Structure formats: C-alpha cells, structure tokens
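Enquirer: Got a structure for you, final17.pdb, holding PDB, C-alpha atoms.
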ATOM      1  CA  MET A 272     -20.383  28.157   2.994
ATOM      2  CA  ALA A 273     -17.511  28.497   5.456
ATOM      3  CA  ALA A 274     -18.283  25.041   6.816
ATOM      4  CA  ASN A 275     -18.144  23.668   3.287
ATOM      5  CA  VAL A 276     -14.675  25.108   2.675
ATOM      6  CA  LEU A 277     -13.470  23.807   6.035
ATOM      7  CA  VAL A 278     -14.703  20.263   5.328
ATOM      8  CA  TRP A 279     -13.067  20.350   1.895
ATOM      9  CA  CYS A 280      -9.767  21.454   3.466
ATOM     10  CA  ILE A 281      -9.895  18.642   6.036
ATOM     11  CA  TRP A 282     -10.785  16.152   3.313
ATOM     12  CA  VAL A 283      -7.918  17.197   1.059
ATOM     13  CA  ILE A 284      -5.379  17.062   3.913
ATOM     14  CA  ALA A 285      -6.616  13.670   5.144
ATOM     15  CA  ALA A 286      -6.787  12.197   1.640
ATOM     16  CA  PHE A 287      -3.290  13.419   0.819
ATOM     17  CA  ALA A 288      -1.880  12.026   4.087
ATOM     18  CA  CYS A 289      -3.688   8.760   3.429
ATOM     19  CA  LEU A 290      -2.291   8.306  -0.086
ATOM     20  CA  ALA A 291       1.215   9.494   0.816
ATOM     21  CA  SER A 292       1.457   7.106   3.763
ATOM     22  CA  ALA A 293       0.075   4.230   1.670
ATOM     23  CA  VAL A 294       2.782   4.803  -0.941
ATOM     24  CA  ALA A 295       5.327   5.049   1.888
ATOM     25  CA  VAL A 296       4.231   1.667   3.319
ATOM     26  CA  VAL A 297       4.692   0.027  -0.060
ATOM     27  CA  SER A 298       8.015   1.657  -0.877
ATOM     28  CA  PHE A 299       9.998   1.867   2.404
ATOM     29  CA  ARG A 300      12.840  -0.625   2.609
ATOM     30  CA  ASN A 301      12.693  -1.115   6.381
ATOM     31  CA  PRO A 302       9.487  -2.848   7.621
ATOM     32  CA  PHE A 303       9.639  -0.806  10.838
ATOM     33  CA  PHE A 304       9.179   2.469   8.937
ATOM     34  CA  SER A 305       6.478   0.847   6.816
ATOM     35  CA  ALA A 306       4.546  -0.053   9.969
ATOM     36  CA  LEU A 307       4.928   3.505  11.305
ATOM     37  CA  ALA A 308       3.642   4.876   7.981
ATOM     38  CA  LEU A 309       0.657   2.528   8.213
ATOM     39  CA  ILE A 310      -0.238   4.072  11.589
ATOM     40  CA  GLY A 311      -0.398   7.459   9.828
ATOM     41  CA  ASN A 312      -2.558   5.903   7.119
ATOM     42  CA  LEU A 313      -4.985   4.489   9.708
ATOM     43  CA  ALA A 314      -5.209   7.805  11.560
ATOM     44  CA  SER A 315      -6.004   9.789   8.402
ATOM     45  CA  LEU A 316      -8.615   7.191   7.440
ATOM     46  CA  ALA A 317     -10.224   7.676  10.857
ATOM     47  CA  VAL A 318     -10.574  11.391   9.995
ATOM     48  CA  LEU A 319     -12.321  10.450   6.732
ATOM     49  CA  TYR A 320     -14.659   8.092   8.633
ATOM     50  CA  LEU A 321     -15.579  10.971  10.935
ATOM     51  CA  LEU A 322     -16.387  13.143   7.923
ATOM     52  CA  LEU A 323     -18.701  10.357   6.701
ATOM     53  CA  GLY A 324     -20.524  10.205  10.031
ATOM     54  CA  GLY A 325     -18.928   6.989  11.252
ATOM     55  CA  GLU A 326     -18.072   8.018  14.792
ATOM     56  CA  PHE A 327     -17.965   4.544  16.283
ATOM     57  CA  VAL A 328     -15.986   3.110  13.362
ATOM     58  CA  ALA A 329     -13.460   5.943  13.599
ATOM     59  CA  ALA A 330     -12.963   5.293  17.314
ATOM     60  CA  ALA A 331     -12.635   1.543  16.713
ATOM     61  CA  GLN A 332     -10.169   2.235  13.912
ATOM     62  CA  VAL A 333      -7.886   4.234  16.197
ATOM     63  CA  LEU A 334      -8.197   1.873  19.186
ATOM     64  CA  VAL A 335      -8.193  -1.543  17.510
ATOM     65  CA  TYR A 336      -6.109  -0.874  14.409
ATOM     66  CA  GLY A 337      -3.847   2.002  15.338
ATOM     67  CA  GLY A 338      -3.493   0.677  18.874
ATOM     68  CA  ALA A 339      -3.673  -3.083  19.233
ATOM     69  CA  VAL A 340      -2.898  -4.438  15.764
ATOM     70  CA  MET A 341      -0.056  -2.045  15.021
ATOM     71  CA  VAL A 342       1.563  -2.566  18.423
ATOM     72  CA  MET A 343       1.568  -6.295  17.684
ATOM     73  CA  PHE A 344       3.153  -5.595  14.304
ATOM     74  CA  LEU A 345       5.851  -3.424  15.844
ATOM     75  CA  PHE A 346       6.586  -6.062  18.526
ATOM     76  CA  VAL A 347       7.080  -8.762  15.881
ATOM     77  CA  ILE A 348       9.231  -6.483  13.724
ATOM     78  CA  ALA A 349      11.365  -5.636  16.750
ATOM     79  CA  TYR A 350      11.590  -9.350  17.597
ATOM     80  CA  LEU A 351      12.779 -10.228  14.098
ATOM     81  CA  GLY A 352      15.496  -7.571  14.188
ATOM     82  CA  ASP A 353      16.807  -5.555  11.262
ATOM     83  CA  ARG A 354      15.205  -6.869   8.086
ATOM     84  CA  THR A 355      16.032  -4.072   5.704
ATOM     85  CA  GLU A 356      15.805  -5.357   2.168
ATOM     86  CA  GLU A 357      16.812  -3.799  -1.087
ATOM     87  CA  ALA A 358      14.402  -1.321  -2.611
ATOM     88  CA  PRO A 359      11.703  -2.921  -4.769
ATOM     89  CA  TRP A 360      12.769  -0.824  -7.738
ATOM     90  CA  ALA A 361      16.495  -1.571  -7.296
ATOM     91  CA  GLY A 362      18.307  -2.928 -10.334
ATOM     92  CA  GLY A 363      16.110  -1.278 -12.922
ATOM     93  CA  PRO A 364      12.640  -2.363 -14.040
ATOM     94  CA  SER A 365      12.309  -6.120 -14.424
ATOM     95  CA  TRP A 366       9.499  -7.789 -16.352
ATOM     96  CA  GLN A 367       8.027  -8.878 -13.012
ATOM     97  CA  ALA A 368       7.844  -5.303 -11.725
ATOM     98  CA  VAL A 369       6.305  -4.075 -14.973
ATOM     99  CA  GLY A 370       3.711  -6.852 -14.864
ATOM    100  CA  THR A 371       2.936  -6.011 -11.251
ATOM    101  CA  VAL A 372       2.340  -2.344 -11.985
ATOM    102  CA  LEU A 373       0.159  -3.289 -14.951
ATOM    103  CA  ALA A 374      -1.857  -5.698 -12.783
ATOM    104  CA  ALA A 375      -2.400  -3.068 -10.077
ATOM    105  CA  GLY A 376      -3.415  -0.545 -12.753
ATOM    106  CA  ALA A 377      -5.837  -3.099 -14.198
ATOM    107  CA  ILE A 378      -7.439  -3.582 -10.749
ATOM    108  CA  LEU A 379      -7.798   0.205 -10.433
ATOM    109  CA  VAL A 380      -9.491   0.615 -13.827
ATOM    110  CA  GLU A 381     -11.637  -2.484 -13.335
ATOM    111  CA  VAL A 382     -13.064  -1.381  -9.990
ATOM    112  CA  ILE A 383     -13.718   2.171 -11.212
ATOM    113  CA  VAL A 384     -15.524   0.891 -14.313
ATOM    114  CA  ALA A 385     -17.546  -1.628 -12.271
ATOM    115  CA  ILE A 386     -18.631   0.987  -9.725
ATOM    116  CA  GLY A 387     -19.355   3.518 -12.452
ATOM    117  CA  LEU A 388     -21.528   1.069 -14.416
ATOM    118  CA  THR A 389     -23.408  -0.122 -11.324
ATOM    119  CA  THR A 390     -24.156   3.238  -9.766
ATOM    120  CA  GLY A 391     -24.584   5.113 -13.039
ATOM    121  CA  GLY A 392     -23.664   8.523 -11.653
ATOM    122  CA  GLU A 393     -26.133   8.370  -8.766
ATOM    123  CA  LEU A 394     -23.430   8.946  -6.188
ATOM    124  CA  THR A 395     -23.973  12.685  -5.874
ATOM    125  CA  HIS A 396     -27.523  12.351  -4.584
ATOM    126  CA  GLU A 397     -27.452  11.787  -0.850
ATOM    127  CA  HIS A 398     -29.803  10.748   1.882
ATOM    128  CA  HIS A 399     -30.476  13.066   4.744
ATOM    129  CA  ILE A 400     -29.155  11.475   7.923
ATOM    130  CA  ALA A 401     -29.966  12.030  11.556
ATOM    131  CA  ARG A 402     -27.392  13.604  13.831
ATOM    132  CA  SER A 403     -26.927  10.299  15.705
ATOM    133  CA  PHE A 404     -25.939   8.450  12.496
ATOM    134  CA  GLY A 405     -23.090   6.050  13.252
ATOM    135  CA  SER A 406     -23.166   6.595  17.008
ATOM    136  CA  PRO A 407     -22.081   3.694  19.254
ATOM    137  CA  GLU A 408     -25.682   3.303  20.398
ATOM    138  CA  HIS A 409     -26.990   2.748  16.857
ATOM    139  CA  ILE A 410     -24.142   0.442  15.817
ATOM    140  CA  GLY A 411     -24.459  -1.588  19.002
ATOM    141  CA  ARG A 412     -28.214  -1.971  18.544
ATOM    142  CA  LEU A 413     -27.734  -3.126  14.938
ATOM    143  CA  PHE A 414     -25.105  -5.632  16.064
ATOM    144  CA  LEU A 415     -27.414  -7.152  18.657
ATOM    145  CA  THR A 416     -30.585  -7.163  16.531
ATOM    146  CA  ASP A 417     -30.258  -7.264  12.727
ATOM    147  CA  HIS A 418     -26.703  -8.577  12.589
ATOM    148  CA  LEU A 419     -26.609 -10.862  15.606
ATOM    149  CA  LEU A 420     -25.427 -13.889  13.592
ATOM    150  CA  ALA A 421     -22.566 -11.919  12.021
ATOM    151  CA  PHE A 422     -21.603 -10.677  15.482
ATOM    152  CA  GLU A 423     -21.445 -14.200  16.929
ATOM    153  CA  VAL A 424     -19.603 -15.617  13.903
ATOM    154  CA  THR A 425     -17.069 -12.793  14.182
ATOM    155  CA  SER A 426     -16.410 -13.679  17.804
ATOM    156  CA  ILE A 427     -15.839 -17.338  16.832
ATOM    157  CA  VAL A 428     -13.430 -16.245  14.075
ATOM    158  CA  LEU A 429     -11.475 -14.189  16.618
ATOM    159  CA  LEU A 430     -11.343 -17.150  19.005
ATOM    160  CA  VAL A 431     -10.120 -19.495  16.253
ATOM    161  CA  ALA A 432      -7.461 -16.967  15.225
ATOM    162  CA  ALA A 433      -6.259 -16.687  18.832
ATOM    163  CA  VAL A 434      -6.020 -20.484  19.118
ATOM    164  CA  GLY A 435      -4.220 -20.590  15.759
ATOM    165  CA  GLY A 436      -1.676 -18.026  16.944
ATOM    166  CA  VAL A 437      -0.970 -20.070  20.088
ATOM    167  CA  VAL A 438      -0.638 -23.321  18.105
ATOM    168  CA  LEU A 439       1.747 -21.725  15.581
ATOM    169  CA  GLY A 440       3.916 -20.361  18.380
ATOM    170  CA  HIS A 441       3.914 -23.711  20.174
ATOM    171  CA  HIS A 442       4.944 -25.594  17.010
ATOM    172  CA  ALA A 443       7.762 -23.172  16.376
ATOM    173  CA  ARG A 444       9.084 -23.672  19.911
ATOM    174  CA  ALA A 445       8.823 -27.496  19.644
ATOM    175  CA  ASN A 446      10.769 -27.464  16.370
ATOM    176  CA  GLU A 447      13.422 -25.262  17.909
ATOM    177  CA  ALA A 448      13.815 -27.734  20.800
ATOM    178  CA  ASP A 449      14.116 -30.615  18.289
ATOM    179  CA  ALA A 450      16.811 -28.762  16.400
ATOM    180  CA  ARG A 451      18.804 -28.186  19.584
ATOM    181  CA  ALA A 452      18.577 -31.801  20.842
TER     182      ALA A 452
ATOM    183  CA  MET B  91     -23.910  17.323   3.254
ATOM    184  CA  HIS B  92     -20.988  19.697   3.270
ATOM    185  CA  GLY B  93     -17.752  18.989   1.522
ATOM    186  CA  PRO B  94     -16.891  16.450  -1.177
ATOM    187  CA  ASP B  95     -19.569  14.023  -2.320
ATOM    188  CA  ILE B  96     -19.343  10.255  -2.085
ATOM    189  CA  SER B  97     -17.654   9.698  -5.447
ATOM    190  CA  TRP B  98     -14.497  11.402  -4.114
ATOM    191  CA  TYR B  99     -14.354   8.983  -1.200
ATOM    192  CA  ILE B 100     -14.926   6.023  -3.519
ATOM    193  CA  ALA B 101     -12.135   7.197  -5.821
ATOM    194  CA  LEU B 102      -9.782   7.467  -2.847
ATOM    195  CA  ALA B 103     -10.812   3.989  -1.661
ATOM    196  CA  VAL B 104     -10.111   2.480  -5.077
ATOM    197  CA  ILE B 105      -6.688   4.157  -5.293
ATOM    198  CA  LEU B 106      -5.848   2.856  -1.796
ATOM    199  CA  PHE B 107      -6.889  -0.641  -2.807
ATOM    200  CA  ALA B 108      -4.713  -0.506  -5.936
ATOM    201  CA  THR B 109      -1.745   0.788  -3.916
ATOM    202  CA  GLY B 110      -2.131  -2.071  -1.457
ATOM    203  CA  SER B 111      -2.349  -4.641  -4.231
ATOM    204  CA  LEU B 112       0.787  -3.142  -5.785
ATOM    205  CA  GLY B 113       2.581  -3.710  -2.476
ATOM    206  CA  VAL B 114       1.314  -7.300  -2.205
ATOM    207  CA  LEU B 115       2.490  -8.125  -5.708
ATOM    208  CA  LEU B 116       5.747  -6.168  -5.734
ATOM    209  CA  ARG B 117       7.315  -6.754  -2.318
ATOM    210  CA  ARG B 118       8.903  -9.999  -1.207
ATOM    211  CA  SER B 119       9.056  -9.504   2.557
ATOM    212  CA  PRO B 120       6.027 -11.222   4.159
ATOM    213  CA  LEU B 121       5.864  -8.433   6.762
ATOM    214  CA  ILE B 122       5.352  -5.749   4.127
ATOM    215  CA  ILE B 123       2.891  -7.973   2.274
ATOM    216  CA  LEU B 124       0.802  -8.174   5.455
ATOM    217  CA  LEU B 125       0.977  -4.387   5.859
ATOM    218  CA  SER B 126      -0.132  -3.952   2.234
ATOM    219  CA  VAL B 127      -3.057  -6.313   2.809
ATOM    220  CA  GLU B 128      -4.064  -4.012   5.667
ATOM    221  CA  ILE B 129      -4.087  -1.095   3.200
ATOM    222  CA  MET B 130      -6.334  -3.067   0.844
ATOM    223  CA  LEU B 131      -8.737  -3.916   3.680
ATOM    224  CA  ASN B 132      -8.837  -0.282   4.697
ATOM    225  CA  GLY B 133      -9.632   0.775   1.150
ATOM    226  CA  ALA B 134     -12.570  -1.640   1.192
ATOM    227  CA  ASN B 135     -13.635  -0.293   4.592
ATOM    228  CA  LEU B 136     -13.604   3.283   3.314
ATOM    229  CA  ALA B 137     -15.828   2.257   0.395
ATOM    230  CA  LEU B 138     -18.224   0.471   2.782
ATOM    231  CA  ILE B 139     -18.528   3.498   5.035
ATOM    232  CA  ALA B 140     -18.902   5.888   2.092
ATOM    233  CA  PHE B 141     -21.758   3.818   0.675
ATOM    234  CA  ALA B 142     -23.317   3.576   4.138
ATOM    235  CA  ARG B 143     -23.388   7.403   4.162
ATOM    236  CA  ARG B 144     -24.758   7.517   0.629
ATOM    237  CA  PHE B 145     -27.707   5.245   1.363
ATOM    238  CA  GLY B 146     -28.328   6.519   4.879
ATOM    239  CA  HIS B 147     -28.036   3.019   6.387
ATOM    240  CA  GLU B 148     -25.631   2.015   9.135
ATOM    241  CA  ASP B 149     -25.345  -1.584   7.899
ATOM    242  CA  GLY B 150     -22.205  -0.694   5.965
ATOM    243  CA  GLN B 151     -20.546   0.547   9.155
ATOM    244  CA  VAL B 152     -21.462  -2.676  10.970
ATOM    245  CA  PHE B 153     -19.851  -4.571   8.121
ATOM    246  CA  ALA B 154     -16.746  -2.367   8.380
ATOM    247  CA  VAL B 155     -16.377  -3.266  12.065
ATOM    248  CA  ALA B 156     -16.635  -6.954  11.122
ATOM    249  CA  VAL B 157     -13.914  -6.419   8.500
ATOM    250  CA  MET B 158     -11.711  -4.916  11.233
ATOM    251  CA  ALA B 159     -12.154  -8.058  13.350
ATOM    252  CA  ILE B 160     -11.239 -10.239  10.363
ATOM    253  CA  ALA B 161      -8.169  -8.074   9.725
ATOM    254  CA  ALA B 162      -7.077  -8.513  13.338
ATOM    255  CA  SER B 163      -7.393 -12.313  13.103
ATOM    256  CA  GLU B 164      -5.526 -12.312   9.798
ATOM    257  CA  VAL B 165      -2.681 -10.373  11.403
ATOM    258  CA  VAL B 166      -2.494 -12.818  14.332
ATOM    259  CA  VAL B 167      -2.166 -15.842  12.046
ATOM    260  CA  GLY B 168       0.125 -14.075   9.565
ATOM    261  CA  LEU B 169       2.511 -12.827  12.239
ATOM    262  CA  GLY B 170       2.460 -16.281  13.884
ATOM    263  CA  LEU B 171       3.557 -17.788  10.569
ATOM    264  CA  ILE B 172       6.316 -15.197  10.142
ATOM    265  CA  VAL B 173       7.647 -15.808  13.660
ATOM    266  CA  ALA B 174       7.557 -19.584  13.025
ATOM    267  CA  MET B 175       9.493 -19.029   9.780
ATOM    268  CA  SER B 176      12.161 -16.978  11.490
ATOM    269  CA  ARG B 177      12.527 -19.546  14.308
ATOM    270  CA  ARG B 178      13.208 -22.250  11.744
ATOM    271  CA  ASN B 179      15.840 -19.942  10.245
ATOM    272  CA  LEU B 180      13.975 -19.732   6.960
ATOM    273  CA  GLU B 181      14.707 -16.668   4.910
ATOM    274  CA  LEU B 182      11.899 -14.100   5.082
ATOM    275  CA  ASP B 183      11.314 -13.964   1.336
ATOM    276  CA  VAL B 184       8.100 -15.251  -0.213
ATOM    277  CA  ASP B 185       9.898 -16.138  -3.448
ATOM    278  CA  LYS B 186      12.205 -18.558  -1.621
ATOM    279  CA  LEU B 187       9.414 -20.574   0.034
ATOM    280  CA  ARG B 188       8.543 -22.990  -2.734
ATOM    281  CA  THR B 189       8.011 -26.321  -0.972
ATOM    282  CA  LEU B 190       4.367 -26.396  -2.037
ATOM    283  CA  ARG B 191       5.098 -25.471  -5.633
ATOM    284  CA  GLY B 192       3.789 -28.187  -7.970
TER     285      GLY B 192
END
Written as structure tokens, that's how I'd like the structure from this file.
Expert:
Amino acid sequence: MAANVLVWCIWVIAAFACLASAVAVVSFRNPFFSALALIGNLASLAVLYLLLGGEFVAAAQVLVYGGAVMVMFLFVIAYLGDRTEEAPWAGGPSWQAVGTVLAAGAILVEVIVAIGLTTGGELTHEHHIARSFGSPEHIGRLFLTDHLLAFEVTSIVLLVAAVGGVVLGHHARANEADARA
Amino acid sequence: MHGPDISWYIALAVILFATGSLGVLLRRSPLIILLSVEIMLNGANLALIAFARRFGHEDGQVFAVAVMAIAASEVVVGLGLIVAMSRRNLELDVDKLRTLRG
C-alpha cells in the first residue's frame, strides 16, 4: 500500500513537470530557455520510463537525448546568437492562432477517441512482467535477433544523416565564400 | 503493478503530442519548431513504452530506441539547415521562406 502511494506521488510529480516543461518549450520567447525546458521534459520522461520498467530506454533517453542531442541544440542556439522573438500570443488572438489551437485540440480528441475505440477499455488489465523486463540485456538480445533488420537500417539512417549534416555545412561555407568574392 | 495504470500514461502521452503539435503550428522560429517536434516524438515514445508494459513485450521499447535514433538524425539535418539559413543571412522565420510556394 505504501509503495502504491509512493509510485503515485512520483508519477504525479513527473507528469506535472513533463507537462509544465512542454508548455514552457512552446511558449518561451527565447529559444535558449526553450531548449533548457526541453531538457527538464526529457528528464521527467525518463522517470516515467523507469516507472514503466524501461530501464535501458530511460538511460538512453538521458544519455542520448538529454546529453548529446540537447548539447548540439544549445551549441547551435549559442552560435546563432540572440534570437528572441515576440511572444506567440502577442498582438491579440489572430485567426491563425485560433485555427492552430483548434487543430491541436482536434488532434488531441482524435487520438483519444482512436485509442479508446481500439482498446475498448482493456488498458487496466496488465500482464505480469519479470523483474528483468526492459534490462539492457533483454533489449540488446531483441535488437540482435528479432529486430536485426531494424537495427541495421537505423545505423544506415544515422550514417546518412551524418553525411547530410556535413554536406549542408559544406554548402553553406561555399556559398559564404562566393558571397565574399 | 503499483501506481497508475496504463491509461494515465497514454493520456499524458496524447497531451504531450498535442502540446508539441501546437508548438509546431503556432511558432515561426525553426529552432522552436524542431524542439516542438522533439516533444511530439517523446509523446509517441511514451505511448510505445506504456503499451510495451501493458502487453508484457519489450518490442515497444526496441521501437522507442529506434525512434530516438531517428530523432537524433532529424535534429542533425534540421540544425544543419538552420545554420545554412543563418549563413546566407536569411531571416529565421518559416513564414518568410516561400521560394517553393506554388
């Protein structure tokens, strides 16, 4: 019983931090603060993954997302300098903003209805899982047996993205040299 | 299982996804659009991991790791584009880039 209350407390704190930081990312005017808020979002999501038994995914979330990807984001934002823009709600509600909020609300309702119709209230019944559920050993074995093709394709996608990043940077530098000449 | 059941996690994932899509549609800075796309991907990841727990299979977690790799590649290309835009002295505003508009 005590464990139940504790897990609920952790869930509520993590979920609140997650939603608050998501709203902060969308609404901050300075991209630097948005990126910092996203780090908070990723960290609280890692807590939720741990509650769901995803130990390896939580660790990867903190290392890959919170570490590598966000550091790259912060480097680029620092490189671009101060890019503070006016608040998205500045100047009163425009028809574009109203349409946007309606569209996002429509997505919300649509997904909830689709999930509700598909699962039909079977979400409360749960499988019993072993203690090693989601451990690096299990995930690694699945990656190298059942999902080997996905694993290899993912590595090719990463390689292509790295080459794409280099090519984009090279083009930008060449254009800059043209402009100077 | 102790604590909230899976439907709570799914509800949170859906709200995260909607928040991210709101940011993508509402903001005009490509940097913040990329950050909002990350929120949407994370909402999807949370749903994947919650369903993996519900069905007692780890396949959903494997898929979530793959989604993370895709997100990383998307960030590399997106940030490369933004840096290229700023080097050409284009304004960082997605509404002002309309060369491809028909």
Enquirer: Can you work out the spacing between CA of Leu419 in chain A and CA of Gly168 in chain B in Å, to one decimal?
Expert: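 Taking CA of Leu419 in chain A and CA of Gly168 in chain B, their separation equals 27.6 Å.
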Enquirer: Take CA of Leu420 in chain A and CA of Ala432 in chain A and report the distance between them in Å, one decimal.
Expert: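 It comes out at 18.3 Å.
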Enquirer: So, with all atoms listed in the file as the atoms that count, which of A:Ala375, A:Met272, A:Ala285, A:Ala349 lies closest to chain B?
Expert: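 Smallest distance to chain B is found for A:Ala375.
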Enquirer: Any idea what's packed within 6 Å of Asn275 in chain A, counting all atoms listed in the file, ignoring anything in its chain fewer than 2 positions away? Could you give it as a PDB file with C-alpha atoms, in the frame of the given file?
Expert:
ATOM      1  CA  MET A 272     -20.383  28.157   2.994  1.00  0.00           C
ATOM      2  CA  ALA A 273     -17.511  28.497   5.456  1.00  0.00           C
ATOM      3  CA  LEU A 277     -13.470  23.807   6.035  1.00  0.00           C
ATOM      4  CA  VAL A 278     -14.703  20.263   5.328  1.00  0.00           C
TER       5      VAL A 278
ATOM      6  CA  HIS B  92     -20.988  19.697   3.270  1.00  0.00           C
ATOM      7  CA  GLY B  93     -17.752  18.989   1.522  1.00  0.00           C
TER       8      GLY B  93
END
Enquirer: Excluding same-chain residues fewer than 6 positions from range 286-291 of chain A, what lies within 8 Å of it counting all atoms listed in the file, as a PyMOL selection string?
Expert: (chain A and resi 311-313+315-316+319) or (chain B and resi 102+105-106)
Enquirer: For CA of Asp149 in chain B and CA of Ala317 in chain A, determine how far apart the two atoms are, in Å to one decimal place.
Expert: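 These atoms are spaced 18.0 Å apart.
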Enquirer: Compile the contact shell of Glu164 in chain B as a list in words: residues with an atom at most 12 Å away, counting all atoms listed in the file, same-chain residues fewer than 4 positions apart removed.
Expert: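 That gives Val340, Phe344, Val428, Leu429, Leu430, Val431, Ala432, Ala433, Gly435 and Gly436 of chain A; Leu124, Leu125, Val127, Glu128, Leu131, Val157, Met158, Ala159, Ile160, Gly168, Leu169, Gly170 and Leu171 of chain B.
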Enquirer: I'd like to see the residues matched by the PyMOL selection byres ((chain B) within 6 of (chain A)) on this file, and ideally I'd get them as a list in words.
Expert: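 Output from the PyMOL selection byres ((chain B) within 6 of (chain A)), applied to this file: His92, Gly93, Asp95, Ile96, Ser97, Ala108, Leu112, Gly113, Leu115, Arg144, Phe145, Gly146, Ser163, Val166, Val167, Gly170 and Ala174 of chain B.
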Enquirer: Since I can't run it myself right now, could you work out what the PyMOL selection byres ((chain B and resi 183-187) around 8) selects here and report it as a ChimeraX atom specification?
Expert: /B:118-120,181-182,188-190
Enquirer: Which of these, B:Ala103, B:Ile122, B:Val114, B:Ala156, has the shortest distance to Leu136 in chain B once you count only C-alpha atoms?
Expert: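 That would be B:Ala103, the residue with the smallest distance to Leu136 in chain B.
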Enquirer: Residues within 6 Å of Gly150 in chain B, please, as an MDAnalysis selection string. Count all atoms listed in the file; anything in the same chain fewer than 3 positions from it doesn't count.
Expert: chainID B and resid 138:139 142 153
Enquirer: So, with all atoms listed in the file as the atoms that count, which of A:Ala330, A:Ile427, A:Ser403, A:Leu415 lies closest to His147 in chain B?
Expert: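 The closest residue to His147 in chain B is A:Ser403.
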